[in-house]
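Structure data follow from upload-v6.json (JSON, C-alpha atoms and all ligand atoms):
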```json
[["chain", "number", "residue", "atom", "x", "y", "z"],
["H", 1, "MET", "CA", -14.78, -3.27, 5.03],
["H", 2, "ASN", "CA", -15.77, -5.68, 2.30],
["H", 3, "HIS", "CA", -12.79, -7.95, 1.98],
["H", 4, "VAL", "CA", -13.07, -10.51, -0.80],
["H", 5, "PRO", "CA", -11.21, -13.52, 0.56],
["H", 6, "ARG", "CA", -7.88, -14.24, -1.07],
["H", 7, "THR", "CA", -5.97, -17.42, -0.72],
["H", 8, "ALA", "CA", -2.22, -17.86, -0.59],
["H", 9, "GLN", "CA", -2.42, -20.46, -3.37],
["H", 10, "PRO", "CA", -3.56, -18.80, -6.62],
["H", 11, "SER", "CA", -6.28, -20.70, -8.45],
["H", 12, "THR", "CA", -5.35, -22.53, -11.62],
["H", 13, "ASN", "CA", -8.54, -21.26, -13.30],
["H", 14, "ARG", "CA", -7.88, -17.93, -15.01],
["H", 15, "LEU", "CA", -11.35, -16.46, -14.47],
["H", 16, "GLN", "CA", -11.32, -17.57, -10.88],
["H", 17, "ARG", "CA", -7.88, -15.99, -10.50],
["H", 18, "ALA", "CA", -9.14, -12.64, -11.78],
["H", 19, "TYR", "CA", -11.94, -12.82, -9.24],
["H", 20, "GLU", "CA", -9.51, -13.57, -6.47],
["H", 21, "LYS", "CA", -7.45, -10.46, -7.19],
["H", 22, "PRO", "CA", -7.46, -8.08, -4.25],
["H", 23, "ARG", "CA", -10.74, -6.22, -4.27],
["H", 24, "ILE", "CA", -10.95, -4.46, -1.01],
["H", 25, "HIS", "CA", -13.33, -1.63, -0.54],
["H", 26, "MET", "CA", -12.73, 0.55, 2.43],
["H", 27, "ASN", "CA", -12.76, 4.22, 3.03],
["H", 28, "ALA", "CA", -9.63, 6.13, 3.93],
["H", 29, "ILE", "CA", -10.30, 6.21, 7.67],
["H", 30, "GLU", "CA", -10.97, 2.47, 7.77],
["H", 31, "LEU", "CA", -7.71, 1.97, 5.93],
["H", 32, "LEU", "CA", -5.75, 4.15, 8.35],
["H", 33, "THR", "CA", -7.29, 2.61, 11.46],
["H", 34, "THR", "CA", -7.07, -1.06, 10.46],
["H", 35, "ARG", "CA", -3.52, -1.40, 9.10],
["H", 36, "ALA", "CA", -1.52, -3.89, 11.08],
["H", 37, "SER", "CA", 1.82, -5.51, 10.51],
["H", 38, "GLN", "CA", 1.89, -9.12, 9.42],
["H", 39, "GLY", "CA", 5.06, -11.17, 9.34],
["H", 40, "LYS", "CA", 3.47, -14.40, 8.12],
["H", 41, "LEU", "CA", 3.59, -13.83, 4.40],
["H", 42, "SER", "CA", 3.63, -16.02, 1.34],
["H", 43, "GLU", "CA", 3.23, -15.88, -2.43],
["H", 44, "PRO", "CA", 1.82, -14.17, -4.34],
["H", 45, "ALA", "CA", 3.87, -11.03, -3.99],
["H", 46, "PRO", "CA", 2.05, -7.72, -4.47],
["H", 47, "ASP", "CA", 1.06, -7.46, -8.11],
["H", 48, "ASP", "CA", 2.37, -4.79, -10.48],
["H", 49, "GLU", "CA", -0.69, -2.58, -10.08],
["H", 50, "THR", "CA", -0.35, -2.65, -6.31],
["H", 51, "ILE", "CA", 3.32, -1.73, -6.55],
["H", 52, "ARG", "CA", 2.48, 1.10, -8.95],
["H", 53, "LEU", "CA", -0.11, 2.46, -6.50],
["H", 54, "ALA", "CA", 2.22, 2.01, -3.53],
["H", 55, "LEU", "CA", 4.93, 4.01, -5.29],
["H", 56, "GLU", "CA", 2.45, 6.72, -6.21],
["H", 57, "ALA", "CA", 1.46, 6.87, -2.54],
["H", 58, "ALA", "CA", 5.13, 7.13, -1.57],
["H", 59, "ALA", "CA", 5.55, 10.09, -3.92],
["H", 60, "ARG", "CA", 2.72, 11.89, -2.06],
["H", 61, "VAL", "CA", 4.40, 12.12, 1.32],
["H", 62, "PRO", "CA", 5.07, 15.47, 2.97],
["H", 63, "ASP", "CA", 8.52, 16.51, 1.82],
["H", 64, "HIS", "CA", 10.14, 19.73, 3.03],
["H", 65, "ALA", "CA", 11.58, 21.73, 0.10],
["H", 66, "GLY", "CA", 10.67, 18.92, -2.29],
["H", 67, "LEU", "CA", 14.00, 17.16, -1.84],
["H", 68, "ARG", "CA", 12.49, 13.75, -2.64],
["H", 69, "PRO", "CA", 14.90, 11.96, -0.32],
["H", 70, "TYR", "CA", 13.09, 8.61, -0.49],
["H", 71, "ARG", "CA", 14.54, 5.75, -2.54],
["H", 72, "VAL", "CA", 12.74, 2.44, -3.05],
["H", 73, "HIS", "CA", 14.19, -0.85, -4.30],
["H", 74, "LEU", "CA", 12.05, -3.90, -5.02],
["H", 75, "VAL", "CA", 13.75, -7.17, -4.18],
["H", 76, "ARG", "CA", 12.07, -10.34, -5.36],
["H", 77, "GLY", "CA", 12.83, -13.83, -6.59],
["H", 78, "ALA", "CA", 16.49, -14.82, -6.52],
["H", 79, "ALA", "CA", 17.54, -11.27, -5.66],
["H", 80, "ARG", "CA", 16.26, -12.00, -2.14],
["H", 81, "GLU", "CA", 19.00, -14.60, -1.79],
["H", 82, "ARG", "CA", 21.60, -11.96, -2.64],
["H", 83, "LEU", "CA", 20.03, -9.67, -0.06],
["H", 84, "GLY", "CA", 20.13, -12.53, 2.46],
["H", 85, "GLU", "CA", 23.84, -13.00, 1.74],
["H", 86, "LEU", "CA", 24.42, -9.29, 2.41],
["H", 87, "MET", "CA", 22.47, -9.62, 5.66],
["H", 88, "ALA", "CA", 24.66, -12.55, 6.74],
["H", 89, "GLN", "CA", 27.81, -10.60, 5.89],
["H", 90, "ALA", "CA", 26.48, -7.66, 7.91],
["H", 91, "LEU", "CA", 25.92, -9.95, 10.88],
["H", 92, "ARG", "CA", 29.47, -11.33, 10.54],
["H", 93, "ARG", "CA", 30.85, -7.78, 10.67],
["H", 94, "GLU", "CA", 28.66, -6.85, 13.63],
["H", 95, "GLN", "CA", 29.28, -10.11, 15.50],
["H", 96, "PRO", "CA", 32.49, -11.77, 14.31],
["H", 97, "GLN", "CA", 31.78, -14.66, 16.69],
["H", 98, "ALA", "CA", 28.39, -15.43, 15.07],
["H", 99, "THR", "CA", 27.88, -19.18, 14.64],
["H", 100, "VAL", "CA", 27.23, -20.98, 11.35],
["H", 101, "ASP", "CA", 23.60, -21.42, 12.42],
["H", 102, "GLU", "CA", 23.21, -17.72, 13.20],
["H", 103, "LEU", "CA", 24.67, -16.80, 9.82],
["H", 104, "ALA", "CA", 22.37, -19.28, 8.06],
["H", 105, "LYS", "CA", 19.41, -17.76, 9.89],
["H", 106, "ALA", "CA", 20.43, -14.26, 8.80],
["H", 107, "ARG", "CA", 20.88, -15.52, 5.23],
["H", 108, "SER", "CA", 17.32, -16.89, 5.16],
["H", 109, "LYS", "CA", 15.68, -13.74, 6.50],
["H", 110, "ALA", "CA", 15.09, -12.13, 3.13],
["H", 111, "LEU", "CA", 13.18, -15.25, 2.07],
["H", 112, "ARG", "CA", 10.50, -14.73, 4.73],
["H", 113, "ALA", "CA", 8.31, -12.93, 2.19],
["H", 114, "PRO", "CA", 8.02, -13.06, -1.60],
["H", 115, "MET", "CA", 9.11, -9.43, -1.85],
["H", 116, "VAL", "CA", 11.29, -7.15, 0.22],
["H", 117, "ILE", "CA", 10.88, -3.44, -0.40],
["H", 118, "VAL", "CA", 13.97, -1.56, 0.69],
["H", 119, "VAL", "CA", 13.30, 2.07, 1.59],
["H", 120, "GLY", "CA", 16.16, 4.49, 1.93],
["H", 121, "ALA", "CA", 16.72, 8.20, 2.43],
["H", 122, "VAL", "CA", 19.35, 10.04, 0.44],
["H", 123, "ILE", "CA", 20.36, 12.98, 2.61],
["H", 124, "ARG", "CA", 21.30, 16.27, 1.00],
["H", 125, "PRO", "CA", 22.79, 19.12, 2.99],
["H", 126, "HIS", "CA", 20.14, 21.84, 3.00],
["H", 127, "ILE", "CA", 20.01, 25.11, 4.82],
["H", 128, "LYS", "CA", 16.36, 24.70, 5.87],
["H", 129, "VAL", "CA", 15.90, 20.93, 5.93],
["H", 130, "PRO", "CA", 17.92, 19.07, 8.55],
["H", 131, "GLU", "CA", 18.73, 15.40, 8.07],
["H", 132, "ILE", "CA", 15.98, 14.24, 10.42],
["H", 133, "GLU", "CA", 13.31, 15.83, 8.24],
["H", 134, "GLN", "CA", 14.62, 14.01, 5.19],
["H", 135, "VAL", "CA", 14.63, 10.69, 7.06],
["H", 136, "LEU", "CA", 11.10, 11.41, 8.30],
["H", 137, "ALA", "CA", 9.92, 11.93, 4.71],
["H", 138, "ALA", "CA", 11.37, 8.55, 3.73],
["H", 139, "GLY", "CA", 9.73, 7.02, 6.81],
["H", 140, "ALA", "CA", 6.43, 8.47, 5.69],
["H", 141, "ALA", "CA", 7.02, 6.86, 2.30],
["H", 142, "ALA", "CA", 7.53, 3.49, 3.99],
["H", 143, "HIS", "CA", 4.24, 3.93, 5.84],
["H", 144, "ALA", "CA", 2.46, 4.95, 2.63],
["H", 145, "ILE", "CA", 3.71, 1.74, 1.00],
["H", 146, "LEU", "CA", 2.42, -0.35, 3.93],
["H", 147, "LEU", "CA", -0.96, 1.37, 3.69],
["H", 148, "ALA", "CA", -1.18, 0.74, -0.05],
["H", 149, "LEU", "CA", -0.39, -2.96, 0.51],
["H", 150, "HIS", "CA", -3.17, -3.11, 3.08],
["H", 151, "ALA", "CA", -5.62, -1.32, 0.78],
["H", 152, "ARG", "CA", -5.02, -3.93, -1.90],
["H", 153, "GLY", "CA", -5.39, -6.96, 0.37],
["H", 154, "TYR", "CA", -1.69, -7.66, 0.81],
["H", 155, "ALA", "CA", 0.25, -7.19, 4.01],
["H", 156, "GLY", "CA", 3.70, -6.36, 5.21],
["H", 157, "ILE", "CA", 5.97, -5.59, 8.07],
["H", 158, "TRP", "CA", 8.65, -2.94, 8.41],
["H", 159, "ARG", "CA", 11.89, -4.27, 9.83],
["H", 160, "THR", "CA", 15.38, -2.92, 10.35],
["H", 161, "GLY", "CA", 17.94, -4.61, 12.64],
["H", 162, "GLY", "CA", 21.72, -4.50, 12.31],
["H", 163, "PRO", "CA", 21.78, -4.91, 8.49],
["H", 164, "ALA", "CA", 19.93, -1.61, 8.04],
["H", 165, "TYR", "CA", 22.90, 0.18, 9.58],
["H", 166, "ASP", "CA", 25.65, -1.80, 7.85],
["H", 167, "PRO", "CA", 27.65, 0.49, 5.50],
["H", 168, "ASP", "CA", 28.33, -2.24, 2.91],
["H", 169, "LEU", "CA", 24.70, -3.33, 2.75],
["H", 170, "LYS", "CA", 23.62, 0.30, 2.49],
["H", 171, "ARG", "CA", 26.07, 0.82, -0.36],
["H", 172, "ALA", "CA", 24.49, -2.09, -2.26],
["H", 173, "PHE", "CA", 21.31, 0.02, -2.34],
["H", 174, "GLY", "CA", 23.06, 3.19, -3.44],
["H", 175, "LEU", "CA", 23.14, 4.66, 0.07],
["H", 176, "GLY", "CA", 26.24, 6.41, 1.33],
["H", 177, "GLU", "CA", 27.53, 6.80, 4.85],
["H", 178, "HIS", "CA", 25.31, 9.81, 5.59],
["H", 179, "ASP", "CA", 22.21, 8.33, 3.98],
["H", 180, "ALA", "CA", 19.76, 6.12, 5.86],
["H", 181, "LEU", "CA", 18.39, 2.70, 5.15],
["H", 182, "VAL", "CA", 15.00, 3.40, 6.66],
["H", 183, "GLY", "CA", 13.64, -0.11, 6.50],
["H", 184, "PHE", "CA", 13.06, -3.43, 4.84],
["H", 185, "ILE", "CA", 9.35, -3.85, 4.16],
["H", 186, "TYR", "CA", 8.59, -7.54, 3.90],
["H", 187, "ALA", "CA", 5.55, -7.78, 1.61],
["H", 188, "GLY", "CA", 3.27, -10.55, 0.46],
["H", 189, "THR", "CA", -0.02, -12.30, 0.94],
["H", 190, "PRO", "CA", -1.00, -12.81, 4.57],
["H", 191, "THR", "CA", -1.29, -16.45, 5.62],
["H", 192, "ALA", "CA", -2.97, -15.65, 8.93],
["H", 193, "PRO", "CA", -4.88, -12.77, 10.48],
["H", 194, "ALA", "CA", -2.62, -10.00, 11.75],
["H", 195, "PRO", "CA", -1.67, -10.31, 15.43],
["H", 196, "ARG", "CA", -4.16, -8.40, 17.58],
["H", 197, "LEU", "CA", -1.97, -5.90, 19.34],
["H", 198, "THR", "CA", -3.27, -3.63, 22.06],
["H", 199, "ARG", "CA", -3.29, -0.15, 20.57],
["H", 200, "ALA", "CA", -2.54, 3.06, 22.39],
["H", 201, "THR", "CA", -5.68, 5.02, 23.14],
["H", 202, "PRO", "CA", -5.63, 8.75, 22.27],
["H", 203, "PRO", "CA", -5.68, 9.98, 25.92],
["H", 204, "GLU", "CA", -2.39, 8.13, 26.45],
["H", 205, "PHE", "CA", -0.58, 10.21, 23.87],
["H", 206, "ALA", "CA", -2.72, 13.20, 22.97],
["H", 207, "SER", "CA", -3.91, 16.15, 25.00],
["H", 208, "GLU", "CA", -5.20, 19.63, 24.59],
["H", 209, "TRP", "CA", -2.37, 22.17, 24.96],
["H", 210, "ASN", "CA", -3.30, 25.57, 26.25],
["H", 211, "GLY", "CA", 0.10, 27.09, 26.84],
["X", 301, "LIG", "C1", 11.81, 2.06, 11.93],
["X", 301, "LIG", "C2", 11.16, 0.78, 12.38],
["X", 301, "LIG", "C3", 11.93, -0.35, 12.48],
["X", 301, "LIG", "C4", 11.35, -1.57, 12.91],
["X", 301, "LIG", "N1", 12.14, -2.70, 12.96],
["X", 301, "LIG", "C5", 11.58, -3.86, 13.33],
["X", 301, "LIG", "C6", 12.36, -5.07, 13.34],
["X", 301, "LIG", "O1", 13.53, -5.07, 12.97],
["X", 301, "LIG", "N2", 11.75, -6.21, 13.72],
["X", 301, "LIG", "C7", 10.42, -6.23, 14.10],
["X", 301, "LIG", "O2", 9.93, -7.31, 14.44],
["X", 301, "LIG", "N3", 9.67, -5.12, 14.09],
["X", 301, "LIG", "C8", 10.21, -3.95, 13.71],
["X", 301, "LIG", "N4", 9.44, -2.81, 13.70],
["X", 301, "LIG", "C9", 8.05, -2.86, 14.20],
["X", 301, "LIG", "C10", 7.08, -3.48, 13.22],
["X", 301, "LIG", "O3", 7.22, -2.90, 11.93],
["X", 301, "LIG", "C11", 5.62, -3.23, 13.67],
["X", 301, "LIG", "O4", 5.32, -1.87, 13.65],
["X", 301, "LIG", "C12", 5.35, -3.79, 15.05],
["X", 301, "LIG", "O5", 5.50, -5.19, 14.99],
["X", 301, "LIG", "C13", 3.94, -3.46, 15.55],
["X", 301, "LIG", "O6", 2.99, -3.87, 14.64],
["X", 301, "LIG", "P1", 1.96, -2.83, 14.01],
["X", 301, "LIG", "O7", 2.65, -2.19, 12.85],
["X", 301, "LIG", "O8", 0.78, -3.68, 13.63],
["X", 301, "LIG", "O9", 1.62, -1.83, 15.06],
["X", 301, "LIG", "C14", 9.98, -1.60, 13.23],
["X", 301, "LIG", "C15", 9.20, -0.45, 13.09],
["X", 301, "LIG", "C16", 9.78, 0.73, 12.67],
["X", 301, "LIG", "C17", 8.92, 1.96, 12.51]]
```
Rendering of file as structure tokens:
Amino acid sequence: MNHVPRTAQPSTNRLQRAYEKPRIHMNAIELLTTRASQGKLSEPAPDDETIRLALEAAARVPDHAGLRPYRVHLVRGAARERLGELMAQALRREQPQATVDELAKARSKALRAPMVIVVGAVIRPHIKVPEIEQVLAAGAAAHAILLALHARGYAGIWRTGGPAYDPDLKRAFGLGEHDALVGFIYAGTPTAPAPRLTRATPPEFASEWNG
């Protein structure tokens, strides 16, 4: 992988800035086998071209009967504060005894990254496609978005928690009771190398099946 270093602070020089744009060259297998979540994220947020590519990738996921259940909302700038407020309200509903500090912490969560990408699944009753398959397609879209961020030198982490299951918060993203808020993808520029997690080795989860 030839990763041109990017810094969290964009250069003030325009030419230098163009050079610093994500220019990562890696083949598809490298991409798939090197993605890792990163929660330490700062400005700049993924640029418009990266978002365009990420959404194209999301539209390529396997999708039984072409139901297109995935929904994506980009939350950036001040909108993150409104999302944070919804997260705090969700916590208050889940834990009415939550302290002021806990609510403040919940309120600040959406500010942990310059962009939060909310991925949902709109579930349609279908004779051949049960709900789980529609949620899986939206989950695949979330993974495709993470991979596109990685390919372009950005990073992200997929989170859920109580707010993802809160009916009022879901409604704010156009999701009804039977729909799913699949995840909040926190996205931005990594400020540190991704944590080195021990990965499962194929023999732990894969085997030859002979009946
Ligand atoms: C549906 C789903 C929900 C998740 N929710 C959270 C979460 O709320 N908080 C968290 O720290 N990690 C959460 N994770 C895990 C992280 O996204 C990440 O996968 C994990 O930290 C391992 O890192 P890796 O992606 O590099 O393997 C979730 C993952 C999935 C698939």
Best match for closeness to H:Glu102 among H:Gln89, H:Glu30, H:Asp47, H:Ala59, counting only C-alpha atoms: H:Gln89
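Proximity of H:Leu149, H:Ala113, H:Val182, H:Ala200 to ligand LIG 301 (chain X), computed with all atoms listed in the file, is greatest for H:Val182.
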Counting all atoms listed in the file, what are the residues, protein, DNA or RNA alike, that approach ligand LIG 301 (chain X) to within 7 Å? I want them as an MDAnalysis selection string. chainID H and resid 35:38 157:161 182:183 197
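Nearest residue to H:Arg76 among H:Ile123, H:Ala45, H:Ala138, H:Ala88 is H:Ala45, counting only C-alpha atoms.
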Find the residues near stretch 168-181 of chain H: any atom within 8 Å, counting all atoms listed in the file, skip ones fewer than 3 places away on the same chain, and give them as a VMD selection string. chain H and resid 73 86 to 87 90 118 to 123 135 163 to 165
Nearest candidate to H:Ile117 (options H:Ala98, H:Ala187, H:Ala65, H:Ala144; using all atoms listed in the file): H:Ala187
